[in-house]
>>> print(open('model_17.txt').read())   # compact mmCIF, C-alpha atoms
# COMPACT_ATOMS: atom_id res chain seq x y z
CA MET H 12 187.24 125.10 187.46
CA LYS H 13 186.22 126.76 190.73
CA HIS H 14 185.95 130.11 188.94
CA LEU H 15 183.75 128.57 186.23
CA LEU H 16 181.52 126.92 188.82
CA LEU H 17 181.18 130.19 190.76
CA ALA H 18 180.37 132.11 187.59
CA SER H 19 177.75 129.56 186.62
CA THR H 20 176.20 129.70 190.07
CA LEU H 21 176.04 133.51 190.00
CA ALA H 22 174.53 133.47 186.54
CA LEU H 23 171.86 131.02 187.61
CA GLY H 24 171.16 133.14 190.66
CA LEU H 25 170.72 136.27 188.56
CA ILE H 26 168.40 134.44 186.19
CA GLY H 27 166.39 133.16 189.12
CA THR H 28 166.10 136.65 190.59
CA ALA H 29 165.01 138.12 187.27
CA ALA H 30 162.45 135.37 186.79
CA ALA H 31 161.04 135.91 190.26
CA GLN H 32 160.88 139.69 189.95
CA GLN H 33 157.38 141.12 189.86
CA ARG H 34 156.59 142.77 186.52
CA GLY H 35 156.31 146.55 186.76
CA VAL H 36 158.07 146.71 190.13
CA THR H 37 161.69 147.54 190.89
CA ASP H 38 163.42 148.54 194.10
CA SER H 39 162.68 152.17 193.29
CA GLU H 40 159.62 152.21 191.03
CA ILE H 41 156.06 150.98 190.46
CA ILE H 42 154.87 151.28 186.85
CA ILE H 43 151.16 152.05 186.51
CA GLY H 44 149.40 152.48 183.18
CA ALA H 45 146.11 153.69 181.73
CA HIS H 46 144.43 153.88 178.35
CA THR H 47 141.84 156.63 178.36
CA ASP H 48 140.25 159.20 176.09
CA LEU H 49 142.56 162.19 175.70
CA SER H 50 141.32 163.45 172.33
CA GLY H 51 138.02 161.73 171.47
CA VAL H 52 134.34 162.25 172.20
CA THR H 53 134.73 161.69 175.96
CA ALA H 54 138.04 163.52 176.38
CA VAL H 55 136.51 165.83 178.98
CA TRP H 56 136.27 162.72 181.15
CA GLY H 57 139.57 161.04 180.29
CA VAL H 58 141.74 164.14 180.53
CA ASN H 59 140.37 165.40 183.83
CA ASN H 60 140.27 161.94 185.37
CA SER H 61 143.88 161.14 184.50
CA ASN H 62 145.00 164.63 185.55
CA ALA H 63 143.55 164.10 189.02
CA ILE H 64 145.10 160.65 189.31
CA ARG H 65 148.49 162.07 188.34
CA MET H 66 148.11 164.77 191.01
CA VAL H 67 147.68 162.11 193.70
CA PHE H 68 150.67 160.13 192.43
CA ASP H 69 152.81 163.28 192.20
CA GLU H 70 151.97 164.11 195.80
CA VAL H 71 152.87 160.58 196.89
CA ASN H 72 156.16 160.74 195.00
CA ALA H 73 157.02 164.14 196.46
CA ALA H 74 156.62 162.62 199.92
CA GLY H 75 159.07 159.82 199.14
CA GLY H 76 156.85 157.32 197.36
CA ILE H 77 155.25 154.14 198.66
CA ASN H 78 157.48 151.94 200.79
CA GLY H 79 160.48 153.55 199.09
CA ARG H 80 159.15 153.28 195.53
CA LYS H 81 158.07 156.15 193.27
CA ILE H 82 155.07 155.73 190.96
CA LYS H 83 155.69 155.97 187.22
CA TYR H 84 152.32 156.74 185.63
CA ILE H 85 151.98 156.20 181.85
CA VAL H 86 148.78 157.34 180.12
CA GLU H 87 147.94 156.40 176.52
CA ASP H 88 145.16 157.89 174.39
CA ASN H 89 142.47 155.40 173.35
CA GLN H 90 140.29 158.11 171.75
CA TYR H 91 137.30 156.14 173.05
CA GLN H 92 137.82 153.60 170.25
CA VAL H 93 138.28 149.86 170.71
CA PRO H 94 141.13 149.46 168.15
CA ARG H 95 143.04 152.34 169.72
CA ALA H 96 142.46 150.90 173.19
CA ILE H 97 143.89 147.54 172.10
CA GLN H 98 146.90 149.28 170.56
CA ALA H 99 147.48 151.38 173.68
CA ALA H 100 147.09 148.38 175.99
CA ASN H 101 149.57 146.35 173.94
CA LYS H 102 152.17 149.06 174.50
CA LEU H 103 151.46 149.29 178.22
CA LEU H 104 151.51 145.52 178.70
CA ASN H 105 154.36 144.51 176.40
CA LYS H 106 156.66 147.52 176.21
CA ASP H 107 156.09 149.44 179.44
CA ASN H 108 155.58 146.24 181.46
CA VAL H 109 153.04 147.85 183.80
CA PHE H 110 152.26 146.39 187.21
CA LEU H 111 148.59 147.40 187.02
CA MET H 112 146.20 149.63 185.09
CA ILE H 113 143.90 152.22 186.63
CA ALA H 114 140.85 154.03 185.23
CA ASN H 115 140.90 152.58 181.73
CA ASP H 116 138.12 154.42 179.92
CA GLY H 117 135.05 152.91 178.28
CA THR H 118 133.04 149.71 178.66
CA PRO H 119 133.78 148.16 175.22
CA MET H 120 137.44 149.21 175.48
CA ASN H 121 137.88 147.53 178.86
CA ASN H 122 136.01 144.41 177.74
CA ALA H 123 138.26 144.13 174.67
CA VAL H 124 141.51 144.54 176.61
CA MET H 125 140.89 142.63 179.84
CA PRO H 126 141.49 139.07 178.52
CA GLU H 127 145.11 139.76 177.49
CA GLN H 128 145.61 141.99 180.50
CA PHE H 129 144.59 139.23 182.90
CA GLU H 130 146.61 136.63 181.02
CA LYS H 131 149.66 138.72 181.85
CA GLY H 132 148.63 139.09 185.51
CA VAL H 133 147.84 142.82 185.36
CA PRO H 134 144.98 144.03 187.59
CA ASN H 135 142.27 146.28 186.13
CA MET H 136 141.65 148.87 188.82
CA PHE H 137 138.60 151.14 188.94
CA PRO H 138 137.74 151.50 185.22
CA LEU H 139 136.16 154.75 184.09
CA THR H 140 132.77 153.17 183.44
CA SER H 141 129.89 152.04 185.63
CA ALA H 142 129.23 148.79 183.75
CA ARG H 143 128.76 145.59 185.77
CA SER H 144 131.29 143.77 183.59
CA MET H 145 134.01 145.73 185.40
CA TYR H 146 133.47 143.55 188.47
CA GLU H 147 131.25 140.69 187.22
CA PRO H 148 131.72 137.85 186.66
CA TYR H 149 134.23 137.54 189.48
CA HIS H 150 137.91 137.67 188.60
CA ARG H 151 140.60 138.24 191.19
CA LEU H 152 142.18 140.95 189.00
CA LYS H 153 138.97 142.98 188.53
CA PHE H 154 138.24 145.84 190.93
CA GLY H 155 135.30 148.22 190.47
CA LEU H 156 135.19 151.36 192.58
CA ALA H 157 131.55 152.34 192.97
CA SER H 158 127.93 151.57 192.17
CA SER H 159 127.04 150.49 188.65
CA TYR H 160 124.34 151.68 186.27
CA TYR H 161 122.45 148.56 187.32
CA ASP H 162 122.76 149.38 191.03
CA GLY H 163 121.63 152.98 190.51
CA ALA H 164 118.56 151.91 188.56
CA ARG H 165 117.52 149.43 191.25
CA ALA H 166 118.19 151.81 194.14
CA GLY H 167 116.42 154.75 192.49
CA MET H 168 113.36 152.73 191.55
CA LYS H 169 113.13 151.20 195.03
CA TYR H 170 113.34 154.62 196.67
CA PHE H 171 110.62 156.20 194.53
CA ILE H 172 108.24 153.29 195.06
CA GLU H 173 108.82 153.00 198.80
CA GLN H 174 109.40 156.63 199.76
CA ARG H 175 107.51 158.60 197.11
CA GLY H 176 104.58 156.20 196.62
CA LYS H 177 105.07 155.61 192.89
CA LYS H 178 102.96 152.82 191.43
CA ALA H 179 103.13 153.08 187.63
CA VAL H 180 106.76 152.71 186.54
CA CYS H 181 107.89 153.05 182.92
CA LEU H 182 111.29 152.69 181.29
CA MET H 183 112.93 154.51 178.36
CA SER H 184 116.43 153.32 177.54
CA GLN H 185 119.12 153.10 174.91
CA ASP H 186 119.21 149.76 173.11
CA THR H 187 122.94 149.29 173.81
CA ASP H 188 125.17 147.35 176.20
CA PHE H 189 125.13 150.45 178.41
CA GLY H 190 121.34 150.65 178.28
CA ARG H 191 120.92 146.95 179.00
CA ASP H 192 122.63 147.33 182.38
CA ILE H 193 119.87 149.79 183.29
CA THR H 194 117.01 147.83 181.78
CA ASP H 195 118.24 144.74 183.66
CA GLY H 196 118.28 146.77 186.87
CA VAL H 197 114.75 148.07 186.38
CA HIS H 198 113.41 144.63 185.41
CA ASP H 199 115.12 142.92 188.36
CA GLN H 200 113.86 145.54 190.82
CA ALA H 201 110.35 145.25 189.41
CA LYS H 202 110.49 141.49 189.93
CA ALA H 203 111.87 141.87 193.46
CA MET H 204 109.05 144.25 194.41
CA GLY H 205 106.24 142.49 192.53
CA VAL H 206 105.77 145.45 190.20
CA THR H 207 104.70 145.29 186.56
CA LEU H 208 106.13 147.94 184.27
CA LYS H 209 103.41 150.03 182.61
CA GLY H 210 105.46 150.83 179.54
CA GLU H 211 108.89 150.42 177.99
CA THR H 212 110.66 151.87 174.97
CA LEU H 213 114.13 151.36 173.50
CA HIS H 214 115.99 153.80 171.27
CA LYS H 215 119.23 154.08 169.34
CA PRO H 216 121.93 156.49 170.59
CA THR H 217 121.45 158.42 167.34
CA ASP H 218 117.67 158.90 167.69
CA THR H 219 116.54 162.50 168.10
CA ASP H 220 112.72 162.49 167.92
CA PHE H 221 111.10 161.16 171.09
CA SER H 222 107.60 162.57 170.68
CA ALA H 223 106.01 159.21 169.82
CA PRO H 224 107.71 157.19 172.61
CA VAL H 225 106.82 159.90 175.14
CA ALA H 226 103.20 159.85 173.96
CA ARG H 227 103.09 156.09 174.57
CA MET H 228 104.44 156.56 178.10
CA LYS H 229 101.89 159.28 178.80
CA ASP H 230 99.06 157.08 177.50
CA ALA H 231 100.28 154.35 179.87
CA LYS H 232 99.72 156.83 182.75
CA CYS H 233 103.22 156.40 184.18
CA ASP H 234 103.95 158.24 187.43
CA LEU H 235 107.70 157.46 187.24
CA ILE H 236 109.97 157.17 184.19
CA MET H 237 113.32 155.45 184.61
CA LEU H 238 115.85 156.46 181.96
CA GLY H 239 118.80 154.59 180.46
CA THR H 240 120.34 157.61 178.78
CA ILE H 241 123.46 159.77 178.62
CA VAL H 242 123.38 163.55 178.06
CA ARG H 243 121.94 164.34 174.65
CA ASP H 244 119.10 161.82 174.77
CA THR H 245 118.33 162.79 178.37
CA ASN H 246 117.86 166.41 177.32
CA GLN H 247 115.73 165.42 174.35
CA ILE H 248 113.47 163.01 176.25
CA VAL H 249 112.88 165.36 179.18
CA ALA H 250 112.19 168.23 176.74
CA ALA H 251 109.67 166.04 174.87
CA VAL H 252 107.95 165.16 178.16
CA ARG H 253 107.74 168.77 179.35
CA LYS H 254 106.53 169.95 175.94
CA THR H 255 103.34 167.96 176.50
CA GLY H 256 102.80 169.66 179.87
CA TRP H 257 103.29 166.33 181.66
CA ASP H 258 104.79 166.79 185.13
CA VAL H 259 106.01 163.23 185.74
CA ASP H 260 109.06 162.31 187.85
CA ILE H 261 112.01 161.17 185.72
CA VAL H 262 115.10 159.40 187.10
CA GLY H 263 118.26 158.75 185.10
CA PRO H 264 121.69 157.19 185.62
CA VAL H 265 125.02 158.71 186.62
CA SER H 266 125.81 159.22 182.91
CA SER H 267 123.18 161.99 182.93
CA TYR H 268 124.57 163.61 186.10
CA ASP H 269 126.22 166.32 184.07
CA ASN H 270 126.27 170.11 184.09
CA ALA H 271 125.06 170.06 180.49
CA VAL H 272 121.85 168.48 181.79
CA ALA H 273 121.42 170.77 184.78
CA SER H 274 122.07 173.93 182.77
CA ALA H 275 120.08 173.01 179.65
CA PRO H 276 118.59 176.11 177.95
CA GLY H 277 115.28 177.32 179.27
CA GLY H 278 115.52 175.25 182.43
CA VAL H 279 113.90 172.38 180.58
CA ASN H 280 115.37 169.78 182.97
CA GLU H 281 114.21 171.48 186.16
CA GLY H 282 113.14 168.76 188.59
CA TYR H 283 114.94 165.94 186.77
CA TYR H 284 116.59 163.31 189.02
CA ALA H 285 119.78 161.29 188.56
CA MET H 286 121.55 158.60 190.54
CA THR H 287 125.25 159.29 191.08
CA VAL H 288 128.25 157.59 192.70
CA MET H 289 129.37 160.89 194.28
CA LEU H 290 128.17 164.47 194.51
CA PHE H 291 129.60 167.45 192.64
CA MET H 292 131.85 169.66 194.72
CA ASP H 293 130.36 173.02 195.64
CA PRO H 294 132.68 175.75 194.31
CA ASN H 295 132.63 177.24 197.81
CA ASP H 296 133.14 173.94 199.64
CA GLN H 297 135.11 174.70 202.81
CA ARG H 298 136.05 171.14 203.78
CA PRO H 299 139.86 171.44 204.08
CA ALA H 300 140.80 168.45 201.91
CA VAL H 301 138.23 169.27 199.23
CA LYS H 302 139.23 172.94 199.17
CA ALA H 303 142.91 172.01 198.90
CA PHE H 304 142.20 169.62 196.03
CA ALA H 305 140.08 172.16 194.15
CA GLU H 306 142.67 174.93 194.54
CA ALA H 307 145.59 172.69 193.57
CA TYR H 308 143.77 171.40 190.50
CA GLN H 309 142.81 174.91 189.37
CA LYS H 310 146.37 176.12 189.84
CA LYS H 311 147.94 173.18 188.00
CA PHE H 312 145.58 172.90 185.04
CA GLY H 313 144.03 176.36 184.74
CA HIS H 314 140.41 175.30 185.07
CA PRO H 315 138.17 173.85 187.81
CA ALA H 316 138.10 170.15 188.58
CA ASN H 317 135.04 168.44 187.12
CA PHE H 318 133.20 165.31 188.21
CA ALA H 319 135.66 163.03 186.37
CA ALA H 320 138.51 164.65 188.29
CA GLN H 321 136.75 163.93 191.57
CA VAL H 322 136.37 160.28 190.54
CA GLY H 323 140.06 160.21 189.64
CA ASN H 324 141.09 161.57 193.02
CA SER H 325 138.97 158.99 194.80
CA ALA H 326 140.23 156.08 192.66
CA ALA H 327 143.90 157.04 193.05
CA SER H 328 143.48 157.48 196.81
CA VAL H 329 142.04 153.98 197.25
CA LEU H 330 144.77 152.51 195.05
CA VAL H 331 147.52 154.22 197.05
CA GLU H 332 146.03 152.79 200.24
CA GLY H 333 146.21 149.29 198.75
CA LEU H 334 149.80 149.75 197.60
CA LYS H 335 150.82 150.97 201.04
CA ARG H 336 149.21 147.96 202.71
CA ALA H 337 151.01 145.59 200.33
CA GLY H 338 154.26 146.42 202.11
CA LYS H 339 157.85 146.55 200.96
CA ASN H 340 157.70 143.16 199.22
CA LEU H 341 155.25 144.27 196.54
CA THR H 342 153.99 141.38 194.42
CA LEU H 343 150.74 140.68 192.65
CA ASP H 344 149.64 138.42 195.50
CA SER H 345 150.58 140.88 198.25
CA PHE H 346 148.74 143.65 196.40
CA ILE H 347 145.56 141.59 195.94
CA THR H 348 145.62 140.60 199.62
CA ALA H 349 146.12 144.23 200.59
CA MET H 350 143.20 145.42 198.45
CA GLU H 351 140.98 142.74 199.95
CA SER H 352 141.80 144.08 203.42
CA ILE H 353 140.35 147.56 202.71
CA LYS H 354 137.16 148.18 204.66
CA ASP H 355 135.08 151.36 204.92
CA PHE H 356 137.53 153.61 203.07
CA HIS H 357 136.24 157.18 202.87
CA ASP H 358 137.35 159.62 200.20
CA ILE H 359 137.55 163.39 200.72
CA PHE H 360 134.15 163.96 199.06
CA ASP H 361 132.13 161.89 201.57
CA SER H 362 131.20 159.36 198.89
CA PRO H 363 129.77 155.98 199.97
CA ALA H 364 132.41 153.99 201.87
CA VAL H 365 134.49 151.57 199.81
CA SER H 366 135.15 148.00 200.97
CA PHE H 367 136.60 144.90 199.33
CA GLY H 368 137.15 141.29 200.38
CA PRO H 369 138.30 137.87 199.14
CA ASN H 370 135.18 137.56 196.97
CA ILE H 371 134.18 141.22 196.82
CA ARG H 372 135.34 143.20 193.79
CA GLN H 373 132.93 146.14 193.87
CA GLY H 374 133.82 148.86 196.35
CA SER H 375 130.26 150.13 196.87
CA ASN H 376 126.80 149.55 195.42
CA LYS H 377 125.17 152.66 196.90
CA SER H 378 124.30 155.85 195.02
CA PHE H 379 123.22 159.38 195.83
CA LEU H 380 119.97 160.79 194.48
CA ALA H 381 120.43 164.26 192.97
CA GLN H 382 117.95 166.67 191.39
CA VAL H 383 118.16 169.68 189.09
CA LYS H 384 117.02 172.84 190.84
CA GLY H 385 117.69 176.34 189.60
CA GLY H 386 120.01 175.01 186.91
CA GLN H 387 122.19 173.16 189.43
CA TRP H 388 122.39 169.70 190.93
CA ILE H 389 121.37 169.37 194.58
CA GLN H 390 121.28 166.34 196.86
CA ALA H 391 117.70 165.04 196.93
CA ALA H 392 117.93 162.30 199.59
CA PRO H 393 119.87 162.62 202.85
CA THR H 394 121.88 159.40 202.58
CA PRO H 395 123.19 157.14 199.79
CA LEU H 396 120.64 154.65 198.50
CA GLY H 397 120.93 150.92 197.97
CA TYR H 398 118.54 148.11 197.17
>>> encode(input="model_17.txt", output="structure tokens")
Amino acid sequence: MKHLLLASTLALGLIGTAAAQQRGVTDSEIIIGAHTDLSGVTAVWGVNNSNAIRMVFDEVNAAGGINGRKIKYIVEDNQYQVPRAIQAANKLLNKDNVFLMIANDGTPMNNAVMPEQFEKGVPNMFPLTSARSMYEPYHRLKFGLASSYYDGARAGMKYFIEQRGKKAVCLMSQDTDFGRDITDGVHDQAKAMGVTLKGETLHKPTDTDFSAPVARMKDAKCDLIMLGTIVRDTNQIVAAVRKTGWDVDIVGPVSSYDNAVASAPGGVNEGYYAMTVMLFMDPNDQRPAVKAFAEAYQKKFGHPANFAAQVGNSAASVLVEGLKRAGKNLTLDSFITAMESIKDFHDIFDSPAVSFGPNIRQGSNKSFLAQVKGGQWIQAAPTPLGY
């Protein structure tokens, strides 16, 4: 009878321990997942971003891990498609039992996956998108890393009105969820500054002829055009503007801060501005940490680190800091508390400082202003801009 009682007690104790155990965490391991684009239209972002994140985790593991635990990093291909993202997330949540997800790629993919993710108590850390829905409305399991498309639009518009004396602002944007973040930013900044937009056009992502919309903006006598565009439509709109001989200042979002814009044939985008969450590394950057990262990335993957890789390094570095602060007894609650304690975290690229708090889920809302000069991006304002 005593043996039966002891066995029952031990069994109940084991069940209790298993029930209390934090998902995705063992005495020796932390399981972290991601669904990102490894083979779709934005693979150049997903592949480089996840490569850089893995580099940080590998370095942490080689040094003994975090509070005695190694990071197991599982990356699934969402091909930048919502159905594939849902499928990948189901595996990560239900089979791999991840503790958290980092740098999930794409606004619609994140929005589709987050409800189930949060139901299972899995934080969504630093998604690879600058949409406001990554940190708004508030949810304790949402953490955005940097400024949004909305923030960049407001900050850029404010700067050009206050510092460059612009008075006639126009807007040309995609008629998409992505574009609406930018149009909202421009409209809200116009309202805040008592400015009336002189002209506004919306276009589909598939549109290719912008001669008529540009003519309308020129007729409106704009002295500043705010864009809600990515790469292809940025190139086409700026080319249409320059073709008319119109030398108007044009400012776009971080999605246009791309080498394909800076190096467009014929220097068509010379003088174009973009707001960005961080600045491209100079190939000859001599800052020790940046140089070490660039050399290690080149050696490991056989090509230079791009902008997405820089973002990945920054995101993984902030996450590691939060995991370290959570201590040996890593639980969801200890991790959230640890993340909320991060203040003025600086990455190796001198990006705007990142801070969180009990009700703060966006690390920074400041952006750099960059400009195309000589086929390259250069910093166009001395400090990050906010609104």
>>> atom_distance(input="model_17.txt", atom1="atom CA of Leu103 of chain H", atom2="atom CA of Ile43 of chain H")
8.7 Å
>>> residues_around(input="model_17.txt", residues="segment 238-253 of chain H", least_positions_apart="6", cutoff="8 Å", atoms="all atoms listed in the file", output="mmCIF file with C-alpha atoms, keeping the file's coordinate frame")
data_model
loop_
_atom_site.group_PDB
_atom_site.id
_atom_site.type_symbol
_atom_site.label_atom_id
_atom_site.label_comp_id
_atom_site.auth_asym_id
_atom_site.auth_seq_id
_atom_site.Cartn_x
_atom_site.Cartn_y
_atom_site.Cartn_z
ATOM 1 C CA LEU H 182 111.290 152.690 181.290
ATOM 2 C CA MET H 183 112.930 154.510 178.360
ATOM 3 C CA SER H 184 116.430 153.320 177.540
ATOM 4 C CA GLN H 185 119.120 153.100 174.910
ATOM 5 C CA PHE H 189 125.130 150.450 178.410
ATOM 6 C CA GLY H 190 121.340 150.650 178.280
ATOM 7 C CA ILE H 193 119.870 149.790 183.290
ATOM 8 C CA THR H 194 117.010 147.830 181.780
ATOM 9 C CA PRO H 216 121.930 156.490 170.590
ATOM 10 C CA ASP H 218 117.670 158.900 167.690
ATOM 11 C CA THR H 219 116.540 162.500 168.100
ATOM 12 C CA ASP H 220 112.720 162.490 167.920
ATOM 13 C CA PHE H 221 111.100 161.160 171.090
ATOM 14 C CA SER H 222 107.600 162.570 170.680
ATOM 15 C CA VAL H 225 106.820 159.900 175.140
ATOM 16 C CA ILE H 261 112.010 161.170 185.720
ATOM 17 C CA VAL H 262 115.100 159.400 187.100
ATOM 18 C CA GLY H 263 118.260 158.750 185.100
ATOM 19 C CA PRO H 264 121.690 157.190 185.620
ATOM 20 C CA SER H 266 125.810 159.220 182.910
ATOM 21 C CA SER H 267 123.180 161.990 182.930
ATOM 22 C CA ASP H 269 126.220 166.320 184.070
ATOM 23 C CA ALA H 271 125.060 170.060 180.490
ATOM 24 C CA VAL H 272 121.850 168.480 181.790
ATOM 25 C CA ALA H 275 120.080 173.010 179.650
ATOM 26 C CA VAL H 279 113.900 172.380 180.580
ATOM 27 C CA ASN H 280 115.370 169.780 182.970
ATOM 28 C CA TYR H 283 114.940 165.940 186.770
#
>>> residues_near_point(input="model_17.txt", point="(129.3, 149.9, 179.9)", cutoff="7 Å", atoms="only C-alpha atoms", output="list in words")
Gly117, Thr118, Pro119, Thr140, Ser141, Ala142, Asp188 and Phe189 of chain H
>>> closest_atom_pairs(input="model_17.txt", of="segment 231-311 of chain H", to="segment 58-78 of chain H", cutoff="9 Å", atoms="all atoms listed in the file", output="Markdown table")
| residue | atom | partner | partner_atom | distance |
| --- | --- | --- | --- | --- |
| H:Ala307 | CA | H:Met66 | CA | 8.7 |
| H:Tyr308 | CA | H:Ala63 | CA | 7.5 |
| H:Lys311 | CA | H:Met66 | CA | 8.9 |
>>> atom_distance(input="model_17.txt", atom1="atom CA of Gly176 of chain H", atom2="atom CA of Tyr160 of chain H")
22.8 Å
>>> atom_distance(input="model_17.txt", atom1="atom CA of Ile236 of chain H", atom2="atom CA of Ala273 of chain H")
17.8 Å
>>> closest_atom_pairs(input="model_17.txt", of="segment 279-313 of chain H", to="segment 359-367 of chain H", cutoff="9 Å", atoms="only C-alpha atoms", output="JSON lines")
{"residue": "H:Val288", "atom": "CA", "partner": "H:Ser362", "partner_atom": "CA", "distance": 7.1}
{"residue": "H:Met289", "atom": "CA", "partner": "H:Ser362", "partner_atom": "CA", "distance": 5.2}
{"residue": "H:Leu290", "atom": "CA", "partner": "H:Ser362", "partner_atom": "CA", "distance": 7.4}
{"residue": "H:Phe291", "atom": "CA", "partner": "H:Phe360", "partner_atom": "CA", "distance": 8.6}
{"residue": "H:Met292", "atom": "CA", "partner": "H:Phe360", "partner_atom": "CA", "distance": 7.5}
{"residue": "H:Arg298", "atom": "CA", "partner": "H:Ile359", "partner_atom": "CA", "distance": 8.5}
{"residue": "H:Ala300", "atom": "CA", "partner": "H:Ile359", "partner_atom": "CA", "distance": 6.1}
{"residue": "H:Val301", "atom": "CA", "partner": "H:Ile359", "partner_atom": "CA", "distance": 6.1}
>>> residues_around(input="model_17.txt", residues="Met286 of chain H", least_positions_apart="5", cutoff="12 Å", atoms="only C-alpha atoms", output="PyMOL selection string")
chain H and resi 141+158-168+170-171+193+237-240+261-269+376-383+388-392+395-397
>>> closest_residue(input="model_17.txt", among="H:Gly333, H:Gln98, H:Tyr398, H:Pro276", to="Gln200 of chain H", atoms="all atoms listed in the file")
H:Tyr398
>>> closest_atom_pairs(input="model_17.txt", of="segment 81-140 of chain H", to="segment 338-355 of chain H", cutoff="9 Å", atoms="all atoms listed in the file", output="JSON lines")
{"residue": "H:Phe110", "atom": "CA", "partner": "H:Leu343", "partner_atom": "CA", "distance": 8.0}
{"residue": "H:Gly132", "atom": "CA", "partner": "H:Leu343", "partner_atom": "CA", "distance": 7.6}
{"residue": "H:Val133", "atom": "CA", "partner": "H:Leu343", "partner_atom": "CA", "distance": 8.1}
{"residue": "H:Pro134", "atom": "CA", "partner": "H:Leu343", "partner_atom": "CA", "distance": 8.4}
>>> closest_residue(input="model_17.txt", among="H:Gln373, H:Ser325, H:Asn135, H:Ser39", to="Arg80 of chain H", atoms="only C-alpha atoms")
H:Ser39
>>> residues_around(input="model_17.txt", residues="Asp88 of chain H", least_positions_apart="6", cutoff="12 Å", atoms="all atoms listed in the file", output="list in words")
Gly44, Ala45, His46, Thr47, Asp48, Leu49, Ser50, Gly51, Val52, Thr53, Ala54, Gly57, Val58, Ser61, Pro94, Arg95, Ala96, Ile97, Gln98, Ala99, Ala100, Lys102, Leu103, Asn115, Asp116, Gly117 and Met120 of chain H
>>> closest_residue(input="model_17.txt", among="H:Lys310, H:Lys229, H:Lys202, H:Arg151", to="Lys169 of chain H", atoms="all atoms listed in the file")
H:Lys202
>>> decode(input="model_17.txt", residues="segment 325-339 of chain H", atoms="N, CA and C atoms", output="mmCIF file, in the first residue's frame")
data_model
loop_
_atom_site.group_PDB
_atom_site.id
_atom_site.type_symbol
_atom_site.label_atom_id
_atom_site.label_comp_id
_atom_site.auth_asym_id
_atom_site.auth_seq_id
_atom_site.Cartn_x
_atom_site.Cartn_y
_atom_site.Cartn_z
ATOM 1 N N SER H 325 20.407 43.029 -35.789
ATOM 2 C CA SER H 325 19.880 43.914 -34.758
ATOM 3 C C SER H 325 18.760 43.244 -33.977
ATOM 4 N N ALA H 326 17.812 42.612 -34.690
ATOM 5 C CA ALA H 326 16.680 41.957 -34.035
ATOM 6 C C ALA H 326 17.139 40.841 -33.110
ATOM 7 N N ALA H 327 18.055 39.996 -33.599
ATOM 8 C CA ALA H 327 18.540 38.875 -32.787
ATOM 9 C C ALA H 327 19.301 39.375 -31.563
ATOM 10 N N SER H 328 20.030 40.463 -31.714
ATOM 11 C CA SER H 328 20.809 41.003 -30.596
ATOM 12 C C SER H 328 19.904 41.519 -29.479
ATOM 13 N N VAL H 329 18.822 42.198 -29.861
ATOM 14 C CA VAL H 329 17.867 42.676 -28.850
ATOM 15 C C VAL H 329 17.187 41.494 -28.167
ATOM 16 N N LEU H 330 16.809 40.491 -28.953
ATOM 17 C CA LEU H 330 16.150 39.317 -28.384
ATOM 18 C C LEU H 330 17.057 38.602 -27.389
ATOM 19 N N VAL H 331 18.313 38.423 -27.747
ATOM 20 C CA VAL H 331 19.264 37.767 -26.847
ATOM 21 C C VAL H 331 19.389 38.541 -25.536
ATOM 22 N N GLU H 332 19.396 39.862 -25.623
ATOM 23 C CA GLU H 332 19.454 40.672 -24.410
ATOM 24 C C GLU H 332 18.246 40.398 -23.522
ATOM 25 N N GLY H 333 17.062 40.300 -24.113
ATOM 26 C CA GLY H 333 15.864 40.001 -23.338
ATOM 27 C C GLY H 333 15.911 38.630 -22.705
ATOM 28 N N LEU H 334 16.382 37.640 -23.449
ATOM 29 C CA LEU H 334 16.482 36.279 -22.905
ATOM 30 C C LEU H 334 17.484 36.215 -21.756
ATOM 31 N N LYS H 335 18.571 36.932 -21.876
ATOM 32 C CA LYS H 335 19.553 36.955 -20.793
ATOM 33 C C LYS H 335 18.946 37.557 -19.526
ATOM 34 N N ARG H 336 18.215 38.652 -19.706
ATOM 35 C CA ARG H 336 17.621 39.335 -18.551
ATOM 36 C C ARG H 336 16.529 38.505 -17.887
ATOM 37 N N ALA H 337 15.926 37.587 -18.633
ATOM 38 C CA ALA H 337 14.848 36.757 -18.076
ATOM 39 C C ALA H 337 15.359 35.793 -17.013
ATOM 40 N N GLY H 338 16.664 35.531 -17.016
ATOM 41 C CA GLY H 338 17.254 34.708 -15.962
ATOM 42 C C GLY H 338 17.115 33.218 -16.203
ATOM 43 N N LYS H 339 17.583 32.469 -15.230
ATOM 44 C CA LYS H 339 17.599 31.005 -15.341
ATOM 45 C C LYS H 339 16.195 30.419 -15.397
#
